[in-house]
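Reproduced below: query.txt, with compact mmCIF, C-alpha atoms (C1' of nucleotides).
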```
# COMPACT_ATOMS: atom_id res chain seq x y z
CA MET A 1 160.20 80.85 -128.73
CA ILE A 2 158.32 82.59 -125.97
CA THR A 3 158.28 80.86 -122.62
CA GLN A 4 155.46 78.79 -121.23
CA LYS A 5 155.22 81.40 -118.50
CA ALA A 6 154.44 84.15 -121.00
CA LYS A 7 151.80 82.03 -122.66
CA TYR A 8 150.22 81.44 -119.25
CA ALA A 9 150.31 85.16 -118.51
CA LEU A 10 148.56 86.05 -121.75
CA ARG A 11 145.92 83.37 -121.28
CA ALA A 12 145.29 84.46 -117.72
CA LEU A 13 144.80 88.04 -118.86
CA THR A 14 142.24 87.00 -121.45
CA VAL A 15 140.28 85.35 -118.66
CA LEU A 16 140.33 88.58 -116.65
CA ALA A 17 139.34 90.54 -119.75
CA ASP A 18 136.41 88.22 -120.24
CA ALA A 19 135.18 88.67 -116.68
CA ASP A 20 133.21 91.60 -115.30
CA ALA A 21 135.51 94.56 -114.75
CA ASP A 22 134.71 94.79 -111.04
CA GLU A 23 134.43 91.12 -110.20
CA PRO A 24 137.73 89.65 -109.04
CA VAL A 25 138.55 86.23 -110.46
CA MET A 26 140.26 83.71 -108.20
CA ILE A 27 143.62 82.25 -109.12
CA SER A 28 142.12 78.77 -108.79
CA ASP A 29 139.43 79.58 -111.33
CA ILE A 30 141.90 80.96 -113.85
CA ALA A 31 144.20 78.00 -113.30
CA ALA A 32 141.40 75.50 -113.77
CA GLN A 33 139.98 77.21 -116.81
CA GLN A 34 143.31 77.50 -118.60
CA LYS A 35 145.00 74.38 -117.24
CA ILE A 36 147.79 76.34 -115.60
CA PRO A 37 149.63 74.98 -112.51
CA LYS A 38 148.12 77.05 -109.72
CA LYS A 39 151.27 77.82 -107.77
CA PHE A 40 153.04 78.84 -110.93
CA LEU A 41 150.18 81.10 -111.90
CA GLU A 42 150.37 82.78 -108.49
CA GLN A 43 153.88 83.94 -109.27
CA ILE A 44 152.91 85.16 -112.69
CA LEU A 45 149.94 87.19 -111.50
CA LEU A 46 151.96 88.63 -108.65
CA ASP A 47 154.56 89.73 -111.15
CA LEU A 48 151.91 91.34 -113.34
CA LYS A 49 150.53 93.07 -110.28
CA HIS A 50 153.92 94.50 -109.38
CA HIS A 51 154.12 95.87 -112.89
CA GLY A 52 150.75 97.59 -112.63
CA VAL A 53 148.89 95.42 -115.08
CA VAL A 54 146.44 93.81 -112.69
CA ALA A 55 145.09 94.48 -109.21
CA SER A 56 144.17 92.02 -106.52
CA ARG A 57 141.83 91.67 -103.58
CA ARG A 58 142.91 89.49 -100.68
CA GLY A 59 140.91 87.35 -98.36
CA LYS A 60 137.62 85.66 -99.02
CA GLN A 61 135.90 86.77 -102.21
CA GLY A 62 139.33 87.91 -103.34
CA GLY A 63 140.97 87.46 -106.68
CA TYR A 64 142.49 89.36 -109.57
CA LEU A 65 141.20 91.97 -111.96
CA LEU A 66 142.58 94.13 -114.73
CA LEU A 67 143.95 97.46 -113.59
CA LYS A 68 143.33 99.07 -116.97
CA PRO A 69 141.09 98.37 -119.96
CA ALA A 70 141.95 95.27 -121.96
CA HIS A 71 142.40 97.28 -125.15
CA THR A 72 145.27 99.19 -123.54
CA ILE A 73 147.25 96.09 -122.56
CA THR A 74 149.52 95.04 -125.40
CA PHE A 75 151.10 91.66 -126.01
CA GLY A 76 154.48 93.37 -126.19
CA GLU A 77 154.07 94.90 -122.77
CA ILE A 78 153.30 91.54 -121.18
CA LEU A 79 156.11 89.74 -122.97
CA ARG A 80 158.58 92.33 -121.74
CA ILE A 81 157.46 91.82 -118.16
CA ILE A 82 157.53 88.04 -118.26
CA ASP A 83 160.18 87.11 -120.81
CA GLY A 84 162.31 90.21 -120.90
CA PRO A 85 163.54 92.10 -123.97
CA ILE A 86 161.74 91.66 -127.28
CA ALA A 87 164.87 92.37 -129.33
CA PRO A 88 166.80 89.44 -130.82
CA LEU A 89 170.12 91.04 -129.86
CA PRO A 90 171.06 92.80 -126.61
CA CYS A 91 172.35 95.77 -128.58
CA LEU A 92 168.87 96.20 -130.10
CA SER A 93 166.91 96.16 -126.88
CA ILE A 94 165.04 99.32 -125.95
CA THR A 95 164.46 98.35 -122.33
CA ALA A 96 167.67 96.43 -121.63
CA TYR A 97 170.29 97.71 -124.03
CA ARG A 98 173.69 96.11 -123.74
CA ARG A 99 176.61 96.63 -126.07
CA CYS A 100 177.91 93.56 -127.91
CA ASP A 101 181.51 92.95 -126.92
CA ASP A 102 182.44 91.28 -130.17
CA CYS A 103 181.19 93.76 -132.77
CA ASP A 104 183.12 96.97 -133.04
CA GLY A 105 180.90 99.73 -134.28
CA GLU A 106 177.17 99.18 -134.26
CA GLN A 107 176.70 101.33 -137.33
CA ASN A 108 178.81 98.89 -139.32
CA CYS A 109 177.49 95.65 -137.86
CA GLN A 110 175.52 94.02 -140.65
CA ILE A 111 174.13 91.34 -138.39
CA ARG A 112 172.67 94.11 -136.31
CA HIS A 113 171.12 95.81 -139.34
CA VAL A 114 169.26 92.65 -140.26
CA PHE A 115 168.01 91.94 -136.78
CA ALA A 116 166.98 95.55 -136.35
CA LYS A 117 164.48 94.90 -139.13
CA VAL A 118 163.32 91.74 -137.38
CA ALA A 119 162.88 93.65 -134.13
CA ASP A 120 160.90 96.40 -135.85
CA ALA A 121 158.58 93.94 -137.54
CA THR A 122 158.05 92.03 -134.31
CA ARG A 123 157.35 95.14 -132.26
CA LYS A 124 154.91 96.40 -134.84
CA VAL A 125 152.76 93.32 -134.31
CA LEU A 126 153.22 92.90 -130.57
CA PHE A 127 152.51 96.49 -129.59
CA SER A 128 149.54 96.90 -131.88
CA THR A 129 147.77 93.83 -130.54
CA THR A 130 146.02 93.96 -127.19
CA ILE A 131 144.38 91.54 -124.80
CA ALA A 132 141.04 92.87 -126.04
CA ASP A 133 141.95 91.77 -129.56
CA ALA A 134 142.65 88.30 -128.26
CA VAL A 135 139.26 88.13 -126.59
CA ALA A 136 137.13 89.85 -129.20
CA PRO A 137 136.89 87.11 -131.85
CA THR A 138 135.52 84.69 -129.28
CA HIS A 139 132.82 87.20 -128.46
CA THR A 140 132.08 87.61 -132.11
CA ALA A 141 131.77 83.87 -132.46
CA GLU A 142 129.54 83.80 -129.41
CA VAL A 143 127.29 86.53 -130.75
CA THR A 144 127.12 84.75 -134.09
CA ARG A 145 126.09 81.57 -132.36
CA LEU A 146 123.44 83.32 -130.30
CA LEU A 147 122.01 85.03 -133.34
CA ALA A 148 121.94 81.87 -135.41
CA MET B 1 167.12 86.66 -128.32
CA ILE B 2 169.25 84.61 -130.67
CA THR B 3 172.09 82.68 -129.12
CA GLN B 4 175.71 83.68 -129.12
CA LYS B 5 176.34 80.57 -131.17
CA ALA B 6 174.07 81.79 -133.96
CA LYS B 7 175.75 85.15 -133.99
CA TYR B 8 179.14 83.41 -134.27
CA ALA B 9 177.84 81.28 -137.14
CA LEU B 10 176.60 84.28 -139.10
CA ARG B 11 179.82 86.19 -138.52
CA ALA B 12 181.90 83.20 -139.58
CA LEU B 13 179.92 82.88 -142.78
CA THR B 14 180.48 86.51 -143.66
CA VAL B 15 184.20 85.85 -143.37
CA LEU B 16 183.92 82.93 -145.77
CA ALA B 17 181.81 85.02 -148.12
CA ASP B 18 184.46 87.70 -148.10
CA ALA B 19 187.23 85.24 -148.98
CA ASP B 20 188.04 83.84 -152.40
CA ALA B 21 185.53 81.16 -153.31
CA ASP B 22 188.21 78.48 -153.76
CA GLU B 23 190.54 79.45 -150.97
CA PRO B 24 189.76 77.63 -147.74
CA VAL B 25 189.92 79.78 -144.63
CA MET B 26 191.31 78.21 -141.46
CA ILE B 27 189.22 78.03 -138.33
CA SER B 28 191.95 79.86 -136.44
CA ASP B 29 191.80 82.76 -138.87
CA ILE B 30 188.05 83.08 -138.62
CA ALA B 31 188.22 82.79 -134.84
CA ALA B 32 190.88 85.46 -134.59
CA GLN B 33 189.21 87.84 -137.00
CA GLN B 34 185.80 87.62 -135.31
CA LYS B 35 186.95 87.06 -131.72
CA ILE B 36 185.23 83.67 -131.49
CA PRO B 37 186.54 80.94 -129.12
CA LYS B 38 188.28 78.57 -131.51
CA LYS B 39 187.05 75.26 -130.11
CA PHE B 40 183.51 76.58 -130.02
CA LEU B 41 183.76 77.71 -133.60
CA GLU B 42 184.95 74.24 -134.62
CA GLN B 43 181.65 72.79 -133.47
CA ILE B 44 179.66 75.46 -135.21
CA LEU B 45 181.41 75.04 -138.55
CA LEU B 46 181.17 71.27 -138.30
CA ASP B 47 177.46 71.65 -137.74
CA LEU B 48 177.12 73.93 -140.74
CA LYS B 49 179.09 71.41 -142.77
CA HIS B 50 176.76 68.59 -141.78
CA HIS B 51 173.89 70.71 -142.98
CA GLY B 52 175.47 71.34 -146.35
CA VAL B 53 176.19 75.02 -145.90
CA VAL B 54 179.97 74.88 -145.97
CA ALA B 55 182.67 72.46 -147.13
CA SER B 56 186.02 71.77 -145.58
CA ARG B 57 189.51 70.62 -146.52
CA ARG B 58 191.54 68.72 -143.98
CA GLY B 59 195.25 68.67 -143.36
CA LYS B 60 197.75 71.38 -144.12
CA GLN B 61 196.38 74.24 -146.20
CA GLY B 62 192.98 73.10 -145.04
CA GLY B 63 190.06 75.18 -143.90
CA TYR B 64 186.46 76.01 -144.66
CA LEU B 65 184.67 77.44 -147.67
CA LEU B 66 181.10 78.12 -148.69
CA LEU B 67 179.39 75.24 -150.44
CA LYS B 68 177.01 77.54 -152.29
CA PRO B 69 176.99 81.22 -153.29
CA ALA B 70 176.63 83.69 -150.42
CA HIS B 71 173.48 85.18 -151.92
CA THR B 72 171.72 81.82 -151.61
CA ILE B 73 172.42 81.41 -147.89
CA THR B 74 169.71 83.07 -145.86
CA PHE B 75 169.81 84.21 -142.25
CA GLY B 76 166.74 82.12 -141.56
CA GLU B 77 168.38 78.97 -142.84
CA ILE B 78 171.37 79.43 -140.53
CA LEU B 79 169.26 80.31 -137.51
CA ARG B 80 167.22 77.16 -137.99
CA ILE B 81 170.35 75.03 -138.05
CA ILE B 82 171.97 76.62 -135.02
CA ASP B 83 169.12 77.84 -132.83
CA GLY B 84 166.25 75.68 -134.01
CA PRO B 85 162.73 76.80 -134.92
CA ILE B 86 162.11 80.41 -135.89
CA ALA B 87 158.50 80.31 -134.67
CA PRO B 88 157.66 81.82 -131.28
CA LEU B 89 155.34 78.90 -130.48
CA PRO B 90 155.91 75.18 -131.10
CA CYS B 91 152.52 74.95 -132.79
CA LEU B 92 153.67 77.54 -135.34
CA SER B 93 156.94 75.92 -136.29
CA ILE B 94 157.29 74.74 -139.88
CA THR B 95 160.29 72.52 -139.22
CA ALA B 96 159.48 71.30 -135.72
CA TYR B 97 155.75 71.51 -135.27
CA ARG B 98 154.41 70.37 -131.93
CA ARG B 99 150.86 70.67 -130.72
CA CYS B 100 150.26 72.81 -127.62
CA ASP B 101 148.76 70.66 -124.89
CA ASP B 102 146.95 73.50 -123.21
CA CYS B 103 145.06 75.11 -126.09
CA ASP B 104 142.19 73.14 -127.49
CA GLY B 105 141.64 73.99 -131.09
CA GLU B 106 144.37 75.87 -132.91
CA GLN B 107 141.85 77.67 -135.09
CA ASN B 108 140.36 79.28 -132.00
CA CYS B 109 143.57 80.02 -130.14
CA GLN B 110 143.90 83.79 -130.21
CA ILE B 111 147.39 83.74 -128.80
CA ARG B 112 148.36 81.61 -131.75
CA HIS B 113 146.78 84.03 -134.23
CA VAL B 114 148.86 86.89 -132.92
CA PHE B 115 152.11 84.98 -132.90
CA ALA B 116 151.41 83.65 -136.37
CA LYS B 117 151.65 87.25 -137.52
CA VAL B 118 154.91 87.66 -135.62
CA ALA B 119 156.30 84.51 -137.19
CA ASP B 120 155.31 85.66 -140.69
CA ALA B 121 156.92 89.04 -140.24
CA THR B 122 160.09 87.50 -138.85
CA ARG B 123 160.38 84.92 -141.61
CA LYS B 124 159.83 87.57 -144.25
CA VAL B 125 162.97 89.36 -143.08
CA LEU B 126 165.13 86.37 -142.24
CA PHE B 127 164.55 84.44 -145.45
CA SER B 128 164.91 87.45 -147.72
CA THR B 129 168.27 88.43 -146.27
CA THR B 130 171.40 86.52 -147.23
CA ILE B 131 174.99 86.35 -146.16
CA ALA B 132 175.81 88.29 -149.33
CA ASP B 133 173.59 91.13 -148.11
CA ALA B 134 175.49 91.19 -144.85
CA VAL B 135 178.79 91.48 -146.68
CA ALA B 136 177.79 93.80 -149.52
CA PRO B 137 177.53 97.13 -147.67
CA THR B 138 181.10 96.77 -146.50
CA HIS B 139 182.16 96.26 -150.07
CA THR B 140 180.17 99.29 -151.11
CA ALA B 141 181.86 101.33 -148.40
CA GLU B 142 185.21 100.03 -149.60
CA VAL B 143 184.49 100.93 -153.21
CA THR B 144 183.28 104.34 -152.12
CA ARG B 145 186.51 104.87 -150.23
CA LEU B 146 188.64 103.75 -153.16
CA LEU B 147 186.80 106.04 -155.54
CA ALA B 148 186.98 109.03 -153.25
C1' DC C 1 207.58 60.99 -141.73
C1' DG C 2 205.69 64.84 -139.09
C1' DA C 3 203.41 68.86 -138.42
C1' DA C 4 199.30 71.29 -139.28
C1' DT C 5 194.66 71.07 -139.88
C1' DG C 6 189.83 69.43 -139.50
C1' DT C 7 186.63 65.57 -136.87
C1' DC C 8 184.26 63.84 -133.24
C1' DT C 9 182.74 62.83 -128.49
C1' DA C 10 182.64 63.83 -123.86
C1' DT C 11 182.49 66.81 -120.08
C1' DA C 12 181.46 70.85 -117.16
C1' DG C 13 180.00 75.23 -115.11
C1' DA C 14 176.46 78.75 -115.37
C1' DA C 15 172.07 80.34 -116.37
C1' DA C 16 167.32 79.88 -117.58
C1' DT C 17 162.99 77.29 -117.37
C1' DA C 18 159.17 75.29 -115.15
C1' DG C 19 157.57 74.25 -111.51
C1' DT C 20 156.79 73.00 -106.01
C1' DA C 21 156.65 74.03 -101.01
C1' DG C 22 155.46 76.32 -97.20
C1' DA C 23 155.08 79.92 -93.99
C1' DG C 24 152.95 84.47 -93.74
C1' DT C 25 149.26 88.14 -94.36
C1' DT C 26 144.67 89.93 -95.15
C1' DA C 27 139.77 90.24 -95.13
C1' DC C 28 135.26 88.54 -95.38
C1' DA C 29 131.57 85.71 -93.10
C1' DC C 30 129.63 84.16 -89.25
C1' DG D 1 136.80 88.00 -82.94
C1' DT D 2 137.69 83.78 -84.93
C1' DG D 3 138.11 80.74 -88.73
C1' DT D 4 138.93 80.08 -93.18
C1' DA D 5 139.65 81.20 -97.81
C1' DA D 6 142.08 83.84 -100.44
C1' DC D 7 146.50 86.41 -101.97
C1' DT D 8 151.91 87.25 -100.78
C1' DC D 9 156.48 86.24 -100.60
C1' DT D 10 160.77 83.60 -100.44
C1' DA D 11 163.16 79.70 -101.12
C1' DC D 12 164.10 75.47 -103.18
C1' DT D 13 164.69 71.88 -106.95
C1' DA D 14 164.91 69.26 -111.20
C1' DT D 15 165.69 69.63 -115.99
C1' DT D 16 167.34 71.64 -119.91
C1' DT D 17 170.01 74.89 -122.63
C1' DC D 18 173.96 77.72 -123.37
C1' DT D 19 178.76 78.44 -123.71
C1' DA D 20 182.25 76.78 -123.87
C1' DT D 21 186.81 73.41 -122.98
C1' DA D 22 189.48 69.05 -123.52
C1' DG D 23 191.50 65.57 -125.80
C1' DA D 24 191.97 61.67 -128.75
C1' DC D 25 191.64 60.79 -133.67
C1' DA D 26 191.92 61.24 -138.85
C1' DT D 27 193.70 63.40 -142.91
C1' DT D 28 196.70 65.83 -146.02
C1' DC D 29 200.62 68.42 -147.57
C1' DG D 30 205.49 69.08 -147.92
```
Have the structure of the file written as structure tokens, please.
Amino acid sequence: MITQKAKYALRALTVLADADADEPVMISDIAAQQKIPKKFLEQILLDLKHHGVVASRRGKQGGYLLLKPAHTITFGEILRIIDGPIAPLPCLSITAYRRCDDCDGEQNCQIRHVFAKVADATRKVLFSTTIADAVAPTHTAEVTRLLA
Amino acid sequence: MITQKAKYALRALTVLADADADEPVMISDIAAQQKIPKKFLEQILLDLKHHGVVASRRGKQGGYLLLKPAHTITFGEILRIIDGPIAPLPCLSITAYRRCDDCDGEQNCQIRHVFAKVADATRKVLFSTTIADAVAPTHTAEVTRLLA
DNA sequence: CGAATGTCTATAGAAATAGTAGAGTTACAC
DNA sequence: GTGTAACTCTACTATTTCTATAGACATTCG
């Protein structure tokens, strides 16, 4: 299970992706639109900012905006920032590798072999899907509706 | 990340799979062989017993044994028992479905679409891999050694 | 009988999760 | 240049989950 926090982060990013690239969106607006506790969302966006995903403007007329194009922000990248390692075992993590104390010899650990396949499959999906992908279908639906 | 408990469960099952089908293996032996805290392992095996994965014999000469062939026990099955749902979102769980309060309309939830793919990929691996698979390569290595 | 083994329930410390609170900083509008 | 509306940062808390540990009990073999 991914955390609620990660789900909030992804939803918030889709809002930013939907907005004009140069128009900051206020935390309050994002929170209201996605039903996210405002104070909690503050922390999340701040975290994303520190990791170079979004930028912010302070003061009146301030808010958040994407720091790079939506099609370059992957689900995997965001999950790593918010939830930590993608891998199901510490000894399979790319970003936070840690040896398992109990298994002697990773080459021989069958549990590890199986979960390595899980990790690969998961990463394949998460790093090939971007925030733009998550927004696009809605646009398509919108266009369809407008053309109908 | 899967829990330590799940890793212990899988390791314990490989021990049982490696043993003679009619020879119960004592908790202490499994614990010692896999470096698992004994009292913790008791709970795990009891849990697996309640879910019909293993059987036990009490008293002297007692212990645990597999209730069905190792090649019919999947990783996914064990993970569900020990760690709960495989799905990354409650609204994607087969065994413990729960609606997400925040997204209105699952058909339109793009986050859900992406994680549905993750869940599919994960299940494909976890339910096609069995305890027998986790034990086999060791046997192969053993045979190879003996034949060398 | 008695010792060895599994059964079951309760408890506890540590960490993670999901927020909440509040003081501080910045920048636009007037 | 002041006020106010926004983001920034740190700390705190309640709840749950994880990782065990403890101990009384039940069963079976010799």
Wanna dump the chain B-chain A contacts at 7 Å for me, each residue with its shortest atom pair and the distance in Å to one decimal, counting all atoms listed in the file, ordered by chain and number, as CSV?
```
residue,atom,partner,partner_atom,distance
B:Met1,CA,A:Pro88,CA,3.8
B:Ile2,CA,A:Pro88,CA,5.4
B:Lys35,CA,A:Asp102,CA,6.4
B:Ala87,CA,A:Met1,CA,6.2
B:Pro88,CA,A:Met1,CA,3.7
B:Leu89,CA,A:Met1,CA,5.5
B:Asp102,CA,A:Lys35,CA,6.3
B:Gln110,CA,A:Ala134,CA,5.1
B:Ile111,CA,A:Ala134,CA,6.6
B:Lys117,CA,A:Val125,CA,7.0
B:Val118,CA,A:Thr122,CA,5.5
B:Ala121,CA,A:Ala121,CA,5.8
B:Thr122,CA,A:Val118,CA,5.5
B:Val125,CA,A:Val118,CA,6.2
B:Ala134,CA,A:Gln110,CA,5.1
```
*Calculate how many Å separate C1' of DT20 in chain C from C1' of DT16 in chain D, rounding to one decimal.*
17.5 Å
*Define the interface residues of chain D facing chain A as those within 12 Å, counting all atoms listed in the file, and report them as a ChimeraX atom specification.*
/D:3-10
Can you move chain B onto chain A by a least-squares fit over all C-alpha atoms paired in order, then give me the moved copy as a tab-separated table (two decimals) with C-alpha atoms, in the coordinates of the input?
```
chain	number	residue	atom	x	y	z
B	1	MET	CA	160.24	80.81	-128.69
B	2	ILE	CA	158.35	82.55	-125.92
B	3	THR	CA	158.31	80.83	-122.57
B	4	GLN	CA	155.50	78.78	-121.16
B	5	LYS	CA	155.25	81.40	-118.44
B	6	ALA	CA	154.48	84.13	-120.97
B	7	LYS	CA	151.85	82.00	-122.60
B	8	TYR	CA	150.25	81.41	-119.18
B	9	ALA	CA	150.32	85.14	-118.47
B	10	LEU	CA	148.57	86.02	-121.72
B	11	ARG	CA	145.96	83.31	-121.24
B	12	ALA	CA	145.32	84.44	-117.67
B	13	LEU	CA	144.80	88.00	-118.83
B	14	THR	CA	142.26	86.94	-121.41
B	15	VAL	CA	140.31	85.30	-118.61
B	16	LEU	CA	140.35	88.52	-116.62
B	17	ALA	CA	139.35	90.48	-119.71
B	18	ASP	CA	136.42	88.15	-120.21
B	19	ALA	CA	135.19	88.61	-116.64
B	20	ASP	CA	133.22	91.52	-115.25
B	21	ALA	CA	135.51	94.48	-114.72
B	22	ASP	CA	134.70	94.73	-111.00
B	23	GLU	CA	134.44	91.07	-110.17
B	24	PRO	CA	137.74	89.62	-109.00
B	25	VAL	CA	138.56	86.20	-110.41
B	26	MET	CA	140.30	83.71	-108.12
B	27	ILE	CA	143.65	82.26	-109.05
B	28	SER	CA	142.20	78.77	-108.72
B	29	ASP	CA	139.50	79.57	-111.26
B	30	ILE	CA	141.95	80.94	-113.77
B	31	ALA	CA	144.28	77.99	-113.20
B	32	ALA	CA	141.49	75.49	-113.68
B	33	GLN	CA	140.03	77.17	-116.73
B	34	GLN	CA	143.38	77.47	-118.53
B	35	LYS	CA	145.07	74.34	-117.16
B	36	ILE	CA	147.87	76.34	-115.51
B	37	PRO	CA	149.69	75.00	-112.40
B	38	LYS	CA	148.17	77.07	-109.62
B	39	LYS	CA	151.33	77.89	-107.66
B	40	PHE	CA	153.09	78.88	-110.85
B	41	LEU	CA	150.23	81.13	-111.82
B	42	GLU	CA	150.41	82.83	-108.42
B	43	GLN	CA	153.91	84.01	-109.21
B	44	ILE	CA	152.94	85.19	-112.64
B	45	LEU	CA	149.95	87.21	-111.45
B	46	LEU	CA	151.97	88.67	-108.60
B	47	ASP	CA	154.55	89.76	-111.12
B	48	LEU	CA	151.91	91.34	-113.32
B	49	LYS	CA	150.53	93.09	-110.26
B	50	HIS	CA	153.93	94.53	-109.38
B	51	HIS	CA	154.11	95.90	-112.88
B	52	GLY	CA	150.74	97.59	-112.63
B	53	VAL	CA	148.88	95.39	-115.08
B	54	VAL	CA	146.44	93.79	-112.67
B	55	ALA	CA	145.07	94.48	-109.19
B	56	SER	CA	144.15	92.02	-106.50
B	57	ARG	CA	141.82	91.66	-103.53
B	58	ARG	CA	142.91	89.51	-100.63
B	59	GLY	CA	140.89	87.36	-98.29
B	60	LYS	CA	137.57	85.71	-98.96
B	61	GLN	CA	135.91	86.80	-102.19
B	62	GLY	CA	139.34	87.89	-103.29
B	63	GLY	CA	141.00	87.46	-106.64
B	64	TYR	CA	142.50	89.35	-109.53
B	65	LEU	CA	141.19	91.95	-111.94
B	66	LEU	CA	142.58	94.09	-114.72
B	67	LEU	CA	143.93	97.44	-113.59
B	68	LYS	CA	143.31	99.03	-116.98
B	69	PRO	CA	141.05	98.31	-119.96
B	70	ALA	CA	141.92	95.19	-121.95
B	71	HIS	CA	142.38	97.19	-125.14
B	72	THR	CA	145.24	99.13	-123.54
B	73	ILE	CA	147.23	96.04	-122.55
B	74	THR	CA	149.49	94.98	-125.39
B	75	PHE	CA	151.10	91.61	-126.00
B	76	GLY	CA	154.47	93.32	-126.17
B	77	GLU	CA	154.05	94.89	-122.76
B	78	ILE	CA	153.30	91.52	-121.16
B	79	LEU	CA	156.12	89.72	-122.95
B	80	ARG	CA	158.58	92.33	-121.73
B	81	ILE	CA	157.46	91.83	-118.14
B	82	ILE	CA	157.54	88.05	-118.22
B	83	ASP	CA	160.18	87.11	-120.78
B	84	GLY	CA	162.30	90.23	-120.90
B	85	PRO	CA	163.53	92.08	-123.98
B	86	ILE	CA	161.71	91.64	-127.28
B	87	ALA	CA	164.85	92.36	-129.32
B	88	PRO	CA	166.78	89.44	-130.81
B	89	LEU	CA	170.10	91.06	-129.86
B	90	PRO	CA	171.04	92.83	-126.61
B	91	CYS	CA	172.32	95.79	-128.60
B	92	LEU	CA	168.84	96.22	-130.11
B	93	SER	CA	166.87	96.15	-126.90
B	94	ILE	CA	164.98	99.32	-125.98
B	95	THR	CA	164.44	98.35	-122.36
B	96	ALA	CA	167.65	96.46	-121.66
B	97	TYR	CA	170.26	97.71	-124.07
B	98	ARG	CA	173.68	96.14	-123.77
B	99	ARG	CA	176.59	96.67	-126.09
B	100	CYS	CA	177.91	93.61	-127.95
B	101	ASP	CA	181.52	93.02	-126.99
B	102	ASP	CA	182.44	91.35	-130.24
B	103	CYS	CA	181.19	93.81	-132.84
B	104	ASP	CA	183.09	97.03	-133.12
B	105	GLY	CA	180.87	99.78	-134.35
B	106	GLU	CA	177.13	99.20	-134.29
B	107	GLN	CA	176.63	101.33	-137.39
B	108	ASN	CA	178.76	98.90	-139.37
B	109	CYS	CA	177.47	95.67	-137.89
B	110	GLN	CA	175.50	94.02	-140.67
B	111	ILE	CA	174.11	91.34	-138.42
B	112	ARG	CA	172.65	94.11	-136.33
B	113	HIS	CA	171.07	95.79	-139.37
B	114	VAL	CA	169.22	92.63	-140.28
B	115	PHE	CA	167.98	91.93	-136.79
B	116	ALA	CA	166.92	95.54	-136.38
B	117	LYS	CA	164.44	94.86	-139.16
B	118	VAL	CA	163.29	91.71	-137.38
B	119	ALA	CA	162.85	93.62	-134.14
B	120	ASP	CA	160.84	96.36	-135.87
B	121	ALA	CA	158.54	93.88	-137.54
B	122	THR	CA	158.02	91.98	-134.30
B	123	ARG	CA	157.31	95.09	-132.26
B	124	LYS	CA	154.86	96.33	-134.86
B	125	VAL	CA	152.72	93.25	-134.29
B	126	LEU	CA	153.18	92.84	-130.56
B	127	PHE	CA	152.48	96.43	-129.58
B	128	SER	CA	149.50	96.82	-131.89
B	129	THR	CA	147.75	93.75	-130.53
B	130	THR	CA	145.99	93.88	-127.17
B	131	ILE	CA	144.38	91.47	-124.79
B	132	ALA	CA	141.04	92.81	-126.02
B	133	ASP	CA	141.94	91.68	-129.54
B	134	ALA	CA	142.66	88.22	-128.23
B	135	VAL	CA	139.27	88.05	-126.56
B	136	ALA	CA	137.14	89.79	-129.19
B	137	PRO	CA	136.93	87.07	-131.86
B	138	THR	CA	135.48	84.68	-129.33
B	139	HIS	CA	132.85	87.23	-128.51
B	140	THR	CA	132.14	87.70	-132.18
B	141	ALA	CA	131.77	83.95	-132.60
B	142	GLU	CA	129.44	83.92	-129.60
B	143	VAL	CA	127.30	86.73	-130.98
B	144	THR	CA	127.21	85.01	-134.35
B	145	ARG	CA	126.02	81.83	-132.68
B	146	LEU	CA	123.36	83.64	-130.68
B	147	LEU	CA	122.07	85.42	-133.77
B	148	ALA	CA	121.99	82.29	-135.88
```
Using only C-alpha atoms (C1' of nucleotides), find each residue of chain C with at least one atom at most 12 Å away from an atom of chain A; report its shortest atom-to-atom pair and that distance in Å (one decimal), sort the rows by chain and rising residue number, and return the result as a Markdown table.
```
| residue | atom | partner | partner_atom | distance |
| --- | --- | --- | --- | --- |
| C:DA16 | C1' | A:Thr3 | CA | 10.4 |
| C:DT17 | C1' | A:Thr3 | CA | 7.9 |
| C:DA18 | C1' | A:Gln4 | CA | 7.9 |
| C:DG19 | C1' | A:Phe40 | CA | 6.5 |
| C:DT20 | C1' | A:Lys39 | CA | 7.5 |
| C:DA21 | C1' | A:Lys39 | CA | 9.4 |
| C:DG22 | C1' | A:Lys39 | CA | 11.5 |
| C:DT25 | C1' | A:Arg58 | CA | 9.1 |
| C:DT26 | C1' | A:Gly59 | CA | 5.6 |
| C:DA27 | C1' | A:Gly59 | CA | 4.5 |
| C:DC28 | C1' | A:Lys60 | CA | 5.2 |
| C:DA29 | C1' | A:Lys60 | CA | 8.5 |
```
Next, dump the selected residues to file, keeping only C-alpha atoms (C1' of nucleotides), as a PDB file, in the frame of the given file.
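This is the output file out23.pdb:
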```
ATOM      1  C1'  DA C  16     167.320  79.880-117.580  1.00  0.00           C
ATOM      2  C1'  DT C  17     162.990  77.290-117.370  1.00  0.00           C
ATOM      3  C1'  DA C  18     159.170  75.290-115.150  1.00  0.00           C
ATOM      4  C1'  DG C  19     157.570  74.250-111.510  1.00  0.00           C
ATOM      5  C1'  DT C  20     156.790  73.000-106.010  1.00  0.00           C
ATOM      6  C1'  DA C  21     156.650  74.030-101.010  1.00  0.00           C
ATOM      7  C1'  DG C  22     155.460  76.320 -97.200  1.00  0.00           C
ATOM      8  C1'  DT C  25     149.260  88.140 -94.360  1.00  0.00           C
ATOM      9  C1'  DT C  26     144.670  89.930 -95.150  1.00  0.00           C
ATOM     10  C1'  DA C  27     139.770  90.240 -95.130  1.00  0.00           C
ATOM     11  C1'  DC C  28     135.260  88.540 -95.380  1.00  0.00           C
ATOM     12  C1'  DA C  29     131.570  85.710 -93.100  1.00  0.00           C
TER      13       DA C  29
END
```
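Here CA of Val54 in chain A and CA of Leu13 in chain A stand 8.6 Å from one another.
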_Separation of CA of Arg80 in chain B from CA of Gly52 in chain B in Å_ = 13.1 Å
